[in-house]
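This report concerns only the one structure given below.
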Amino acid sequence: MKIHLVLILIICFGWIHAFPASTAILNNTNSYSIKGGTFNGRVSPLIYSIGTCDINGDGKKDIVFNNGDGYVVLFGDVSRFGNTRPLNDSFADGINGFKIKIKQTERFPVCGDVNGDGIDDIMVTNSDSNLGTIFLIYGSKSPFKATIDSFDGINGFQIFDKSYSSLGVGKAICDVNGDGVKDIVFSTYMGFYGGGSSSPNRIFVIYGLKNGSKFTNPNNGEYKYNDIVEGKGFIMNFIYGLMVKCGDINNDGYDDLYLLQPNSQIVFGKATFPLDYAPKFDGKEALNITGITWANSDSRSGTSSFGDFNGDGLIDMAVTNGNYSSYEVYIIFGKKNENWPSSFDVKSRNSSNVIAFTKGSGSKSYNCDSLMMGDINADGFDDLQCFSPDFVWVVYGSDLPFESVVDLSATTSPLVDECRGLILEQVNGKVLANADFNNDKILDLMVVKSNILYGIYGEKLPMSASLGLINTTLEYSANGSYILLDGNYSPVSGKCPLTSIKVQVINAQPSDSVDIASSNDITIQKLSPNTIIIYNKNRDSKFLQKISKIQFSTQRNNSIATINFKFPGYLDETISVNATAPPTIVFPCICPANNTCIDSLCVPPGTTDINAGCAKYPCTYGLHCNPTANKCEFRSTCLTCDDIKCGSNENCGYHLSSNTKCKLFPFCL
């Protein structure tokens with residue numbers, strides 16, 4: 001019994017500092033929960049939600065979810081609801097949130113500021129088999145009605161299409177034309193909700209408005225697809241998407257459209273489009289992604305997401321393969337000022353372009369029915385979050401290069417290391433989302449278990465680092481070479497080691513350079529002569545101890561160089577190098593009477609041969625003889641008049657010294 005108790009204590013202690021391993025151990029200290037609604041008289045088995053919106057403009061993120069009878073908005077942060085658990089749609093009372101009542105709700109809500117007033121708006125759709133309708137509700141700092149069930153052009157508007165168009169089956173809000181205001185994007189998929197039609201499928205884009213304007217109201221808040229005119233949006237015929245997602249994968253400042261229908265395509269954003277736009281799939285206007293296929297309608301839960309996985313400042317894209325026989329999920333790395341091919345193969349096994357996460361030979365099925373990208377561990381890298389039946393797995397983003405294929409079943413899998421990833425058990429809802437509902441500036445992981453939506457608070461990695469610098473200023477070196485850390489630091493690291501450290505000369509001059517020799521444990525990326533990134537290749541806990549030989553070289557001799565050591569969020573320290581050469585001071589040669597000073601030696605008058613050095617002749621005042629080198633040198637320690645004895649007829653005085661350590665030296669005169 002005692003052994004069992006100790007084991008329980010150990011396990012519980014581990015949970016205090018780790019991301020929860022199961023929904024079974026969630027409580028008010030580590031999460032919030034929201035109860036789902038009903039659909040057709042029964043409990044709704046799925047909750048579709050988002051948590052990155054600020055609908056009431058108070059600077060806190062709100063949660064929008066589908067409760068089967070419409071959508072519910074709960075204003076952040078969670079503290080306004082006290083310790084209530086679970087929350088439910090009764091809190092949507094107009095003060096703490098509101099309801100959007102529409103029939104036959106269609107999956108995900110999306111949000112973004114489409115009218116330039118700085119407040120997020122919401123777009124939702126229904127799945128009416130006869131039509132399909134887009135509903136857009138304006139965000140506002142003014143009070144909301146407890147239930148919104150009509151749209152008058154002031155609180156929002158509706159968009160209709162012809163019968164059986166399944167309008168809004170795919171939808172997104174993003175800035176396709178790069179004007180700084182988000183646009184409304186939605187698609188048709190004829191007959192998907194029921195019925196049939198021979199009309200072509202299409203993508204519609206309505207440009208966002210600026211300065212808080214409202215879209216014009218030609219018919220009491222109701223629009224039709226053909227209200228889109230030149231300069232206010234565009235239409236792509238014969239191109240469609242069961243899922244539409246947005247992100248700037250080519251990092252040119254325009255959001256791109258990812259379409260899954262059932263194959264995968266990307267249409268690049270740009271400044272202007274003709275009203276009827278037919279992009280060329282040439283890698284410049286659009287491209288095809290091979291290797292990604294749509295398995296069934298359930299795969300629309302979340303097939304793609306955008307974020308910065310490797311921390312290089314460029315937007316990457318995560319995509320999941322709906323073909324369960326492959327069990328592969330991909331991170332496609334974003335690029336800037338580079339050409340894309342007309343067809344991008346996710347199975348290329350080229351780690352500079354794409355990483356494949358696969359189940360390998362293990363028995364656990366790491367398929368990914370839905371995914372998200374977001375930083376849930378507050379380390380500055382967006383994390384890959386995937387739902388597999390009954391559990392969620394997460395691979396933390398990192399600047400360390402991954403192999404082209406990552407075997408999630410292997411003993412080296414990132415999922416078995418709390419510094420690299422996690423597995424969350426007992427999850428049966430396919431929908432994933434991120435939020436910051438507790439307003440702690442860390443994204444929460446939102447999952448579903450048995451009609452309960454859990455928001456698990458993001459956890460900072462147990463990572464910390466300090467160089468423990470002894471001297472933050474280094475004195476002048478005549479040869480212009482400085483070893484920055486050796487003997488000058490006492491580093492300390494947390495449980496999770498840094499994956500890299502960036503060393504940069506902040507006020508660089510052309511002659512400056514930093515470098516360090518690579519080894520089995522570290523690799524070097526030289527961004528420029530004065531900037532390097534040192535990677536902790538094997539995630540060694542002693543990484544900081546192995547970078548002591550960082551060398552700074554310079555030809556400057558009249559300024560101070562500042563060298564910064566940085567890992568975002570965890571380490572930011574500097575060393576100043578005094579590269580200012582000291583003034584040339586003629587060392588005064590002082591010898592006893594009847595002696596002559598030659599090369600710091602006191603010799604009898606007429607002496608010309610001084611090769612015997614200080615082994616034969618005494619040194620001038622202020623210097624002492626180094627018997628090993630047989631040369632006169634400064635003392636290793638600085639002296640004062642108290643340290644020397646002068647004769648009865650002598651007084652002690654000081655002379656300026658050219659010794660950079662001892663500014664003065666004493667002598668008897």
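Residues are referred to by chain and number: the chain letter is A, B, ... according to the order shown in the structure tokens, the number counts from 1 in that chain, and ligands are numbered separately from 1 in the order shown.
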
Please return as number ranges by chain: the residues of segment 565-660 of chain A that backbone DSSP assigns to strand (DSSP E).
A: 565-567, 571-580, 596-598, 601-603, 623-626, 631-634, 652-656

Which residue, A:Ile315, A:Cys646, A:Leu484, A:Leu469, has the smallest gap to Ala561 of chain A when you use only C-alpha atoms?
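With only C-alpha atoms as the atom set, the closest residue is A:Leu484.
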
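Omitting Ser513 of chain A and its sequence neighbours fewer than 4 positions away, and counting only C-alpha atoms, the residues within 9 Å are Gln504, Val505, Ala508, Gln509, Ser528, Pro529, Asn530, Thr531, Gln551, Phe552, Ser553 and Thr554 of chain A.
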
So that I can check the surroundings of Ser541 of chain A, please list as an MDAnalysis selection string every protein, DNA and RNA residue that reaches within 8 Å of it, counting only C-alpha atoms and ignoring chain neighbours fewer than 5 positions away.
chainID A and resid 493 495:497

Could you name the residues that touch segment 95-109 of chain A at 10 Å or less, counting only C-alpha atoms, but leaving out those on the same chain fewer than 6 positions away, as a PyMOL selection string?
chain A and resi 39-40+46-50+55-56+62-77+80-81+89+122-129+132-133+135+137+143-150+168-172+193+300-302+431
